[in-house]
file target39.txt (compact mmCIF, C-alpha atoms)
# COMPACT_ATOMS: atom_id res chain seq x y z
CA MET A 248 24.25 16.17 2.00
CA GLU A 249 20.90 17.29 3.41
CA PRO A 250 18.88 14.37 4.86
CA VAL A 251 15.34 13.94 3.52
CA LEU A 252 13.97 12.15 6.57
CA GLN A 253 15.14 12.08 10.16
CA HIS A 254 13.99 10.38 13.36
CA VAL A 255 11.52 8.12 11.55
CA SER A 256 10.59 5.09 13.61
CA PHE A 257 7.40 3.03 13.65
CA ALA A 258 6.31 -0.60 13.72
CA ILE A 259 3.56 -2.50 11.93
CA GLU A 260 2.14 -5.83 13.05
CA ALA A 261 0.45 -8.60 11.09
CA GLY A 262 -3.17 -7.68 10.46
CA GLU A 263 -2.51 -3.94 10.61
CA VAL A 264 -2.67 -1.16 8.03
CA CYS A 265 -0.22 1.74 8.10
CA CYS A 266 -1.18 4.78 6.05
CA ILE A 267 1.63 7.21 5.22
CA LEU A 268 0.44 10.80 4.86
CA GLY A 269 2.25 14.04 4.14
CA PRO A 270 2.56 16.86 1.60
CA ASN A 271 4.39 16.49 -1.70
CA GLY A 272 8.15 16.40 -1.41
CA VAL A 273 8.23 15.51 2.27
CA GLY A 274 9.90 12.12 1.71
CA LYS A 275 7.16 9.50 1.30
CA THR A 276 8.83 7.98 -1.77
CA THR A 277 12.21 8.01 -0.04
CA LEU A 278 10.69 6.16 2.91
CA PHE A 279 9.19 3.55 0.57
CA LYS A 280 12.49 3.02 -1.23
CA THR A 281 14.25 2.62 2.10
CA ILE A 282 11.75 0.04 3.35
CA LEU A 283 12.15 -1.93 0.10
CA HIS A 284 15.96 -1.51 0.11
CA LEU A 285 15.92 0.32 -3.20
CA MET A 286 17.78 3.03 -1.30
CA ARG A 287 20.29 2.57 1.51
CA PRO A 288 19.62 4.70 4.60
CA VAL A 289 22.39 6.95 5.85
CA GLU A 290 21.54 5.76 9.36
CA GLY A 291 19.13 3.25 10.81
CA ASP A 292 17.78 -0.11 9.68
CA VAL A 293 14.62 -1.88 8.60
CA TRP A 294 13.76 -4.88 10.77
CA MET A 295 11.31 -7.69 10.13
CA ASN A 296 10.59 -10.70 12.33
CA GLY A 297 13.51 -9.68 14.52
CA GLU A 298 16.00 -9.63 11.63
CA ASN A 299 17.78 -6.75 9.91
CA THR A 300 16.50 -6.95 6.33
CA ALA A 301 19.68 -5.32 5.02
CA ARG A 302 21.33 -8.70 5.58
CA TRP A 303 18.73 -10.54 3.51
CA SER A 304 19.19 -11.59 -0.10
CA PRO A 305 16.85 -10.00 -2.66
CA ALA A 306 15.10 -13.36 -2.98
CA LYS A 307 14.41 -13.59 0.75
CA ARG A 308 13.25 -9.99 0.82
CA ALA A 309 10.83 -10.66 -2.05
CA GLY A 310 9.44 -13.60 -0.11
CA HIS A 311 8.51 -11.35 2.79
CA MET A 312 7.63 -7.99 1.20
CA ALA A 313 5.72 -7.33 -2.02
CA TYR A 314 5.49 -3.96 -3.76
CA VAL A 315 2.51 -2.60 -5.68
CA ALA A 316 3.49 0.38 -7.84
CA GLN A 317 1.28 3.37 -8.52
CA PHE A 318 1.19 2.83 -12.28
CA HIS A 319 1.83 -0.16 -14.50
CA ASN A 320 1.84 -0.01 -18.29
CA PRO A 321 2.61 -3.46 -19.71
CA PRO A 322 4.43 -3.59 -23.06
CA PHE A 323 2.32 -6.53 -24.27
CA PRO A 324 -1.37 -7.45 -23.87
CA TYR A 325 -0.79 -10.30 -21.43
CA LYS A 326 -3.77 -12.19 -20.06
CA VAL A 327 -4.59 -11.45 -16.45
CA LYS A 328 -3.62 -14.95 -15.33
CA ASP A 329 -0.18 -14.47 -16.92
CA VAL A 330 0.32 -11.14 -15.16
CA VAL A 331 -0.52 -12.68 -11.79
CA ILE A 332 1.72 -15.73 -12.29
CA LEU A 333 4.64 -13.31 -12.64
CA GLY A 334 4.34 -12.90 -8.89
CA ARG A 335 5.80 -16.41 -8.63
CA LEU A 336 9.00 -15.34 -10.37
CA ASN A 337 10.92 -15.33 -7.11
CA SER A 338 10.05 -19.00 -6.62
CA VAL A 339 10.23 -20.18 -10.22
CA GLY A 340 13.30 -18.25 -11.35
CA TYR A 341 13.79 -16.21 -14.51
CA PHE A 342 14.19 -19.24 -16.75
CA GLY A 343 12.00 -21.70 -14.87
CA THR A 344 8.52 -22.95 -15.67
CA PRO A 345 5.64 -22.43 -13.23
CA ARG A 346 4.54 -25.62 -11.51
CA GLU A 347 1.03 -26.71 -10.67
CA GLN A 348 1.53 -25.35 -7.15
CA ASP A 349 2.46 -21.93 -8.57
CA TYR A 350 -0.75 -21.81 -10.58
CA ARG A 351 -2.77 -22.78 -7.49
CA ILE A 352 -1.18 -19.92 -5.55
CA ALA A 353 -1.87 -17.49 -8.40
CA ASP A 354 -5.50 -18.69 -8.60
CA LYS A 355 -5.88 -18.18 -4.84
CA ALA A 356 -4.48 -14.64 -5.14
CA MET A 357 -6.96 -13.80 -7.91
CA ASP A 358 -9.77 -15.22 -5.81
CA GLU A 359 -8.74 -13.12 -2.80
CA MET A 360 -8.87 -9.97 -4.92
CA GLY A 361 -12.10 -10.92 -6.66
CA VAL A 362 -10.62 -10.93 -10.18
CA THR A 363 -10.89 -14.64 -11.06
CA HIS A 364 -13.57 -13.84 -13.64
CA LEU A 365 -11.01 -11.66 -15.45
CA LYS A 366 -8.26 -14.29 -15.72
CA GLU A 367 -8.70 -14.86 -19.47
CA ARG A 368 -9.06 -11.14 -20.25
CA SER A 369 -6.26 -9.04 -21.66
CA TYR A 370 -4.73 -6.88 -18.93
CA THR A 371 -4.60 -3.89 -21.28
CA ASP A 372 -8.38 -4.05 -21.76
CA LEU A 373 -9.17 -3.66 -18.07
CA SER A 374 -10.33 -0.53 -16.28
CA GLY A 375 -7.97 1.28 -13.95
CA GLY A 376 -9.60 -0.23 -10.87
CA GLU A 377 -9.47 -3.76 -12.30
CA ARG A 378 -5.79 -3.32 -13.18
CA GLN A 379 -4.96 -2.23 -9.66
CA LEU A 380 -6.72 -5.27 -8.18
CA VAL A 381 -4.79 -7.51 -10.58
CA MET A 382 -1.49 -5.91 -9.54
CA ILE A 383 -2.33 -6.53 -5.89
CA ALA A 384 -3.14 -10.15 -6.80
CA ARG A 385 0.27 -10.43 -8.46
CA ALA A 386 1.87 -9.14 -5.25
CA LEU A 387 -0.12 -11.67 -3.20
CA ALA A 388 1.19 -14.46 -5.43
CA GLN A 389 4.62 -13.79 -3.90
CA GLU A 390 3.12 -15.02 -0.61
CA PRO A 391 4.48 -12.03 1.33
CA GLN A 392 3.81 -11.05 4.90
CA VAL A 393 3.79 -7.33 4.12
CA LEU A 394 2.33 -5.45 1.16
CA VAL A 395 3.83 -2.05 0.33
CA MET A 396 1.55 0.03 -1.93
CA ASP A 397 2.40 3.36 -3.53
CA GLU A 398 -0.86 5.35 -3.80
CA PRO A 399 -2.98 2.31 -4.72
CA THR A 400 -6.01 4.49 -5.53
CA ALA A 401 -4.23 7.14 -7.62
CA SER A 402 -6.18 8.09 -10.76
CA LEU A 403 -9.10 5.80 -9.87
CA ASP A 404 -12.69 6.99 -9.92
CA TYR A 405 -14.70 7.11 -6.70
CA GLY A 406 -16.22 3.65 -7.08
CA ASN A 407 -12.95 1.91 -7.88
CA THR A 408 -11.21 3.77 -5.06
CA ILE A 409 -13.69 2.34 -2.54
CA ARG A 410 -13.41 -1.14 -4.07
CA VAL A 411 -9.62 -1.11 -3.72
CA LEU A 412 -9.79 0.21 -0.14
CA SER A 413 -12.35 -2.48 0.69
CA ARG A 414 -9.96 -5.16 -0.59
CA ILE A 415 -7.15 -3.66 1.48
CA CYS A 416 -9.36 -4.06 4.56
CA ASP A 417 -10.07 -7.67 3.58
CA LEU A 418 -6.33 -8.37 3.31
CA ARG A 419 -5.76 -6.80 6.72
CA ASP A 420 -8.42 -9.09 8.17
CA HIS A 421 -6.59 -12.06 6.62
CA GLY A 422 -3.45 -11.19 8.56
CA TYR A 423 -1.37 -9.22 6.06
CA GLY A 424 0.60 -6.20 7.18
CA ILE A 425 -0.09 -3.35 4.75
CA ILE A 426 1.72 -0.05 4.21
CA PHE A 427 0.29 2.40 1.70
CA THR A 428 0.58 6.05 0.80
CA THR A 429 -2.30 8.31 -0.09
CA HIS A 430 -3.10 12.00 -0.42
CA ALA A 431 -6.56 11.51 1.13
CA PRO A 432 -6.62 11.38 4.96
CA ASP A 433 -10.15 9.95 4.76
CA HIS A 434 -8.64 6.71 3.44
CA ALA A 435 -6.92 6.17 6.78
CA PHE A 436 -10.25 6.53 8.58
CA LEU A 437 -12.00 4.14 6.19
CA CYS A 438 -9.30 1.49 6.67
CA ARG A 439 -9.06 2.13 10.42
CA ALA A 440 -5.35 2.44 9.89
CA ASN A 441 -2.44 3.60 11.92
CA VAL A 442 -0.99 6.76 10.41
CA ALA A 443 2.57 7.90 9.87
CA LEU A 444 2.29 11.65 9.26
CA LEU A 445 5.41 13.17 7.70
CA GLN A 446 5.92 16.93 8.03
CA ARG A 447 8.67 19.29 6.93
CA GLY A 448 10.93 20.20 9.80
CA ARG A 449 8.86 18.30 12.35
CA PRO A 450 9.16 14.82 13.88
CA LEU A 451 7.04 12.03 12.45
CA ILE A 452 3.71 11.56 14.21
CA TYR A 453 2.57 7.94 14.44
CA GLY A 454 -0.49 6.31 15.91
CA PRO A 455 -4.15 5.44 15.25
CA ALA A 456 -5.85 7.61 12.63
CA VAL A 457 -8.25 9.06 15.19
CA ASP A 458 -5.31 10.32 17.24
CA VAL A 459 -3.01 11.52 14.44
CA ILE A 460 -5.49 13.03 11.97
CA THR A 461 -6.56 16.08 13.91
CA GLU A 462 -7.50 19.52 12.66
CA GLN A 463 -4.32 20.98 14.10
CA ASN A 464 -2.03 18.27 12.66
CA LEU A 465 -3.58 18.63 9.21
CA HIS A 466 -3.09 22.37 9.35
CA ASP A 467 0.53 21.95 10.44
CA ALA A 468 1.24 19.40 7.68
CA TYR A 469 -0.66 20.90 4.74
CA GLY A 470 -1.15 24.54 5.72
CA ILE A 471 -4.93 24.45 5.29
CA HIS A 472 -7.94 24.60 7.57
CA VAL A 473 -9.86 21.34 7.88
CA ARG A 474 -12.82 20.37 10.04
CA LEU A 475 -13.34 16.79 11.17
CA LEU A 476 -16.94 15.56 10.99
CA GLU A 477 -18.25 12.53 12.84
CA TYR A 478 -20.92 10.09 11.67
CA ARG A 479 -21.94 6.46 12.10
CA ASP A 480 -20.86 3.76 9.67
CA GLU A 481 -23.10 0.98 8.36
CA LEU A 482 -22.51 -1.04 11.54
CA GLY A 483 -23.29 1.88 13.80
CA GLY A 484 -19.68 2.49 14.78
CA PRO A 485 -18.12 5.97 15.02
CA MET A 486 -16.42 7.26 11.89
CA ARG A 487 -14.78 10.53 10.87
CA MET A 488 -14.25 12.40 7.63
CA CYS A 489 -12.37 15.52 6.61
CA ALA A 490 -14.16 18.67 5.46
CA PRO A 491 -11.59 21.20 4.17
CA SER A 492 -12.45 24.87 4.24
CA MET A 493 -12.45 26.61 0.86
CA ILE A 494 -11.65 29.88 2.63
CA GLN A 495 -8.00 29.76 3.55
CA THR A 496 -6.21 32.63 5.30
call {"tool": "encode", "arguments": {"input": "target39.txt", "output": "structure tokens"}}
result
Amino acid sequence: MEPVLQHVSFAIEAGEVCCILGPNGVGKTTLFKTILHLMRPVEGDVWMNGENTARWSPAKRAGHMAYVAQFHNPPFPYKVKDVVILGRLNSVGYFGTPREQDYRIADKAMDEMGVTHLKERSYTDLSGGERQLVMIARALAQEPQVLVMDEPTASLDYGNTIRVLSRICDLRDHGYGIIFTTHAPDHAFLCRANVALLQRGRPLIYGPAVDVITEQNLHDAYGIHVRLLEYRDELGGPMRMCAPSMIQT
């Protein structure tokens, strides 16, 4: 059996964002499934708070890590508040009834994501960006320490992409550990994230975005020429962005 990933090791602290970058087929989904214990690693372990999470029950794991999928197509037009309260399933149980405390937690999650005004709306009537914020609110209702997001801005327009990234930064500032994948290196700069860059046949590169996202590393990973441009953000701090060349040799 040919291993998909080898020698992958990195750590994320509370209040940090980790952005996983790499070309298609390099193993980002496999890494996610391993972190969430949807796939058992051939070697190695996932540790959290000094404990091997392989020894945890699914219920304990759900109380520490919450997953936000790339797409979600509900079979019924649930109201937003009902979608978010599903995040309390781990506490309530499959056949239990949410308590007043569960509704307070769900309301707090909606408030954190700025979707309280949508709570009576049908989830199926929302825009793509609104749906993604609701799904993050549902994950927050689990009261996790770490959020694991699979391309949270996939298929979103430019405005909604920035809104979702802004909320991710807010969650980081509130002490959550966040791991997300993206195909846009600029997202790592915008979130001031640490980056785990996966490459075929090369060791993982991990560190602050400004150190990992270099012109040479992007060329090695994606096989294209990219220039990094520097500018000042709204607070006057240094910021970078990627400018790919349309002439590739």
call {"tool": "residues_near_point", "arguments": {"input": "target39.txt", "point": "(-9.5, -7.2, 2.5)", "cutoff": "12 Å", "atoms": "only C-alpha atoms", "output": "VMD selection string"}}
result
chain A and resid 262 to 264 356 358 to 361 380 383 to 384 387 409 to 425 438
call {"tool": "residues_around", "arguments": {"input": "target39.txt", "residues": "stretch 296-308 of chain A", "least_positions_apart": "4", "cutoff": "8 Å", "atoms": "only C-alpha atoms", "output": "PDB file with C-alpha atoms, in the frame of the given file"}}
result
ATOM      1  CA  HIS A 284      15.960  -1.510   0.110  1.00  0.00           C
ATOM      2  CA  ASP A 292      17.780  -0.110   9.680  1.00  0.00           C
ATOM      3  CA  MET A 312       7.630  -7.990   1.200  1.00  0.00           C
ATOM      4  CA  ASN A 337      10.920 -15.330  -7.110  1.00  0.00           C
TER       5      ASN A 337
END
call {"tool": "residues_around", "arguments": {"input": "target39.txt", "residues": "A:Arg335", "least_positions_apart": "5", "cutoff": "9 Å", "atoms": "all atoms listed in the file", "output": "VMD selection string"}}
result
chain A and resid 340 345 349 to 350 352 to 353 385 to 386 388 to 390
call {"tool": "closest_residue", "arguments": {"input": "target39.txt", "among": "A:Ser369, A:Asn271, A:Ser256, A:Asn441", "to": "A:Ala468", "atoms": "only C-alpha atoms"}}
result
A:Asn271
call {"tool": "atom_distance", "arguments": {"input": "target39.txt", "atom1": "atom CA of A:Val293", "atom2": "atom CA of A:Phe257"}}
result
10.1 Å
call {"tool": "atom_distance", "arguments": {"input": "target39.txt", "atom1": "atom CA of A:Ala261", "atom2": "atom CA of A:Val273"}}
result
26.8 Å
call {"tool": "atom_distance", "arguments": {"input": "target39.txt", "atom1": "atom CA of A:Ile460", "atom2": "atom CA of A:Thr281"}}
result
24.4 Å
call {"tool": "closest_residue", "arguments": {"input": "target39.txt", "among": "A:Asp433, A:Ala490, A:Pro324, A:His254", "to": "A:Ile471", "atoms": "only C-alpha atoms"}}
result
A:Ala490
call {"tool": "residues_around", "arguments": {"input": "target39.txt", "residues": "A:Pro270", "least_positions_apart": "2", "cutoff": "8 Å", "atoms": "all atoms listed in the file", "output": "PyMOL selection string"}}
result
chain A and resi 268+272-273+430+445-446+468-469
call {"tool": "closest_residue", "arguments": {"input": "target39.txt", "among": "A:Glu347, A:Glu398, A:Glu481, A:Glu290", "to": "A:Gln379", "atoms": "all atoms listed in the file"}}
result
A:Glu398
call {"tool": "decode", "arguments": {"input": "target39.txt", "residues": "stretch 383-478 of chain A", "atoms": "C-alpha atoms", "output": "PDB file, in the first residue's frame"}}
result
ATOM      1  CA  ILE A 383     -20.076  27.399  11.425  1.00  0.00           C
ATOM      2  CA  ALA A 384     -22.617  28.487  14.060  1.00  0.00           C
ATOM      3  CA  ARG A 385     -23.858  24.895  14.240  1.00  0.00           C
ATOM      4  CA  ALA A 386     -20.277  23.742  14.810  1.00  0.00           C
ATOM      5  CA  LEU A 387     -19.817  26.368  17.542  1.00  0.00           C
ATOM      6  CA  ALA A 388     -22.935  25.047  19.275  1.00  0.00           C
ATOM      7  CA  GLN A 389     -20.926  21.888  20.015  1.00  0.00           C
ATOM      8  CA  GLU A 390     -18.733  24.092  22.240  1.00  0.00           C
ATOM      9  CA  PRO A 391     -15.515  22.734  20.715  1.00  0.00           C
ATOM     10  CA  GLN A 392     -11.980  23.899  21.270  1.00  0.00           C
ATOM     11  CA  VAL A 393     -10.967  23.312  17.650  1.00  0.00           C
ATOM     12  CA  LEU A 394     -12.869  23.967  14.427  1.00  0.00           C
ATOM     13  CA  VAL A 395     -11.895  21.927  11.364  1.00  0.00           C
ATOM     14  CA  MET A 396     -13.172  23.484   8.114  1.00  0.00           C
ATOM     15  CA  ASP A 397     -12.972  21.958   4.652  1.00  0.00           C
ATOM     16  CA  GLU A 398     -12.638  24.832   2.160  1.00  0.00           C
ATOM     17  CA  PRO A 399     -15.059  27.124   4.022  1.00  0.00           C
ATOM     18  CA  THR A 400     -15.087  29.662   1.169  1.00  0.00           C
ATOM     19  CA  ALA A 401     -15.538  27.222  -1.723  1.00  0.00           C
ATOM     20  CA  SER A 402     -18.075  28.445  -4.304  1.00  0.00           C
ATOM     21  CA  LEU A 403     -18.636  31.737  -2.461  1.00  0.00           C
ATOM     22  CA  ASP A 404     -18.498  35.081  -4.225  1.00  0.00           C
ATOM     23  CA  TYR A 405     -15.805  37.599  -3.319  1.00  0.00           C
ATOM     24  CA  GLY A 406     -17.883  39.456  -0.738  1.00  0.00           C
ATOM     25  CA  ASN A 407     -19.050  36.341   1.075  1.00  0.00           C
ATOM     26  CA  THR A 408     -15.524  34.916   1.001  1.00  0.00           C
ATOM     27  CA  ILE A 409     -14.211  37.957   2.875  1.00  0.00           C
ATOM     28  CA  ARG A 410     -17.129  37.852   5.331  1.00  0.00           C
ATOM     29  CA  VAL A 411     -16.421  34.214   6.186  1.00  0.00           C
ATOM     30  CA  LEU A 412     -12.670  34.848   6.547  1.00  0.00           C
ATOM     31  CA  SER A 413     -13.426  37.833   8.782  1.00  0.00           C
ATOM     32  CA  ARG A 414     -15.536  35.614  11.045  1.00  0.00           C
ATOM     33  CA  ILE A 415     -12.738  33.055  11.161  1.00  0.00           C
ATOM     34  CA  CYS A 416     -10.426  35.808  12.423  1.00  0.00           C
ATOM     35  CA  ASP A 417     -13.016  36.785  15.044  1.00  0.00           C
ATOM     36  CA  LEU A 418     -13.189  33.171  16.260  1.00  0.00           C
ATOM     37  CA  ARG A 419      -9.407  33.023  16.469  1.00  0.00           C
ATOM     38  CA  ASP A 420      -9.441  36.163  18.599  1.00  0.00           C
ATOM     39  CA  HIS A 421     -11.986  34.481  20.897  1.00  0.00           C
ATOM     40  CA  GLY A 422      -9.553  31.649  21.576  1.00  0.00           C
ATOM     41  CA  TYR A 423     -10.644  28.927  19.161  1.00  0.00           C
ATOM     42  CA  GLY A 424      -8.077  26.824  17.363  1.00  0.00           C
ATOM     43  CA  ILE A 425      -8.991  26.703  13.676  1.00  0.00           C
ATOM     44  CA  ILE A 426      -7.774  24.426  10.884  1.00  0.00           C
ATOM     45  CA  PHE A 427      -9.012  25.064   7.359  1.00  0.00           C
ATOM     46  CA  THR A 428      -8.103  24.165   3.815  1.00  0.00           C
ATOM     47  CA  THR A 429      -8.151  26.532   0.881  1.00  0.00           C
ATOM     48  CA  HIS A 430      -6.838  26.786  -2.666  1.00  0.00           C
ATOM     49  CA  ALA A 431      -6.043  30.494  -2.225  1.00  0.00           C
ATOM     50  CA  PRO A 432      -2.732  31.254  -0.463  1.00  0.00           C
ATOM     51  CA  ASP A 433      -3.914  34.842   0.030  1.00  0.00           C
ATOM     52  CA  HIS A 434      -6.414  33.546   2.604  1.00  0.00           C
ATOM     53  CA  ALA A 435      -3.542  32.533   4.857  1.00  0.00           C
ATOM     54  CA  PHE A 436      -2.120  36.050   4.676  1.00  0.00           C
ATOM     55  CA  LEU A 437      -5.506  37.634   5.402  1.00  0.00           C
ATOM     56  CA  CYS A 438      -6.015  35.423   8.466  1.00  0.00           C
ATOM     57  CA  ARG A 439      -2.385  35.782   9.579  1.00  0.00           C
ATOM     58  CA  ALA A 440      -2.330  32.026   9.787  1.00  0.00           C
ATOM     59  CA  ASN A 441       0.285  29.393  10.207  1.00  0.00           C
ATOM     60  CA  VAL A 442       0.549  27.317   7.058  1.00  0.00           C
ATOM     61  CA  ALA A 443       0.959  23.598   6.504  1.00  0.00           C
ATOM     62  CA  LEU A 444       2.104  23.294   2.881  1.00  0.00           C
ATOM     63  CA  LEU A 445       1.740  19.781   1.477  1.00  0.00           C
ATOM     64  CA  GLN A 446       3.798  18.864  -1.595  1.00  0.00           C
ATOM     65  CA  ARG A 447       4.189  15.682  -3.618  1.00  0.00           C
ATOM     66  CA  GLY A 448       7.373  13.880  -2.742  1.00  0.00           C
ATOM     67  CA  ARG A 449       8.549  16.591  -0.356  1.00  0.00           C
ATOM     68  CA  PRO A 450       8.334  17.006   3.424  1.00  0.00           C
ATOM     69  CA  LEU A 451       5.581  19.175   4.851  1.00  0.00           C
ATOM     70  CA  ILE A 452       6.579  22.799   5.389  1.00  0.00           C
ATOM     71  CA  TYR A 453       5.009  24.405   8.449  1.00  0.00           C
ATOM     72  CA  GLY A 454       5.248  27.863   9.934  1.00  0.00           C
ATOM     73  CA  PRO A 455       3.893  31.428   9.708  1.00  0.00           C
ATOM     74  CA  ALA A 456       2.400  32.347   6.335  1.00  0.00           C
ATOM     75  CA  VAL A 457       5.084  34.962   5.701  1.00  0.00           C
ATOM     76  CA  ASP A 458       7.770  32.301   6.049  1.00  0.00           C
ATOM     77  CA  VAL A 459       6.075  29.405   4.228  1.00  0.00           C
ATOM     78  CA  ILE A 460       4.334  31.192   1.346  1.00  0.00           C
ATOM     79  CA  THR A 461       7.333  32.197  -0.708  1.00  0.00           C
ATOM     80  CA  GLU A 462       7.711  32.459  -4.460  1.00  0.00           C
ATOM     81  CA  GLN A 463       9.972  29.422  -4.503  1.00  0.00           C
ATOM     82  CA  ASN A 464       7.701  27.279  -2.302  1.00  0.00           C
ATOM     83  CA  LEU A 465       4.652  28.129  -4.409  1.00  0.00           C
ATOM     84  CA  HIS A 466       6.544  27.206  -7.549  1.00  0.00           C
ATOM     85  CA  ASP A 467       7.677  23.921  -6.008  1.00  0.00           C
ATOM     86  CA  ALA A 468       4.152  23.058  -4.827  1.00  0.00           C
ATOM     87  CA  TYR A 469       2.046  24.202  -7.782  1.00  0.00           C
ATOM     88  CA  GLY A 470       4.523  24.390 -10.657  1.00  0.00           C
ATOM     89  CA  ILE A 471       3.714  28.015 -11.499  1.00  0.00           C
ATOM     90  CA  HIS A 472       5.497  31.344 -11.217  1.00  0.00           C
ATOM     91  CA  VAL A 473       4.084  33.684  -8.586  1.00  0.00           C
ATOM     92  CA  ARG A 474       5.239  37.073  -7.367  1.00  0.00           C
ATOM     93  CA  LEU A 475       4.549  38.241  -3.823  1.00  0.00           C
ATOM     94  CA  LEU A 476       3.462  41.868  -3.520  1.00  0.00           C
ATOM     95  CA  GLU A 477       3.569  43.858  -0.299  1.00  0.00           C
ATOM     96  CA  TYR A 478       1.155  46.572   0.822  1.00  0.00           C
TER      97      TYR A 478
END
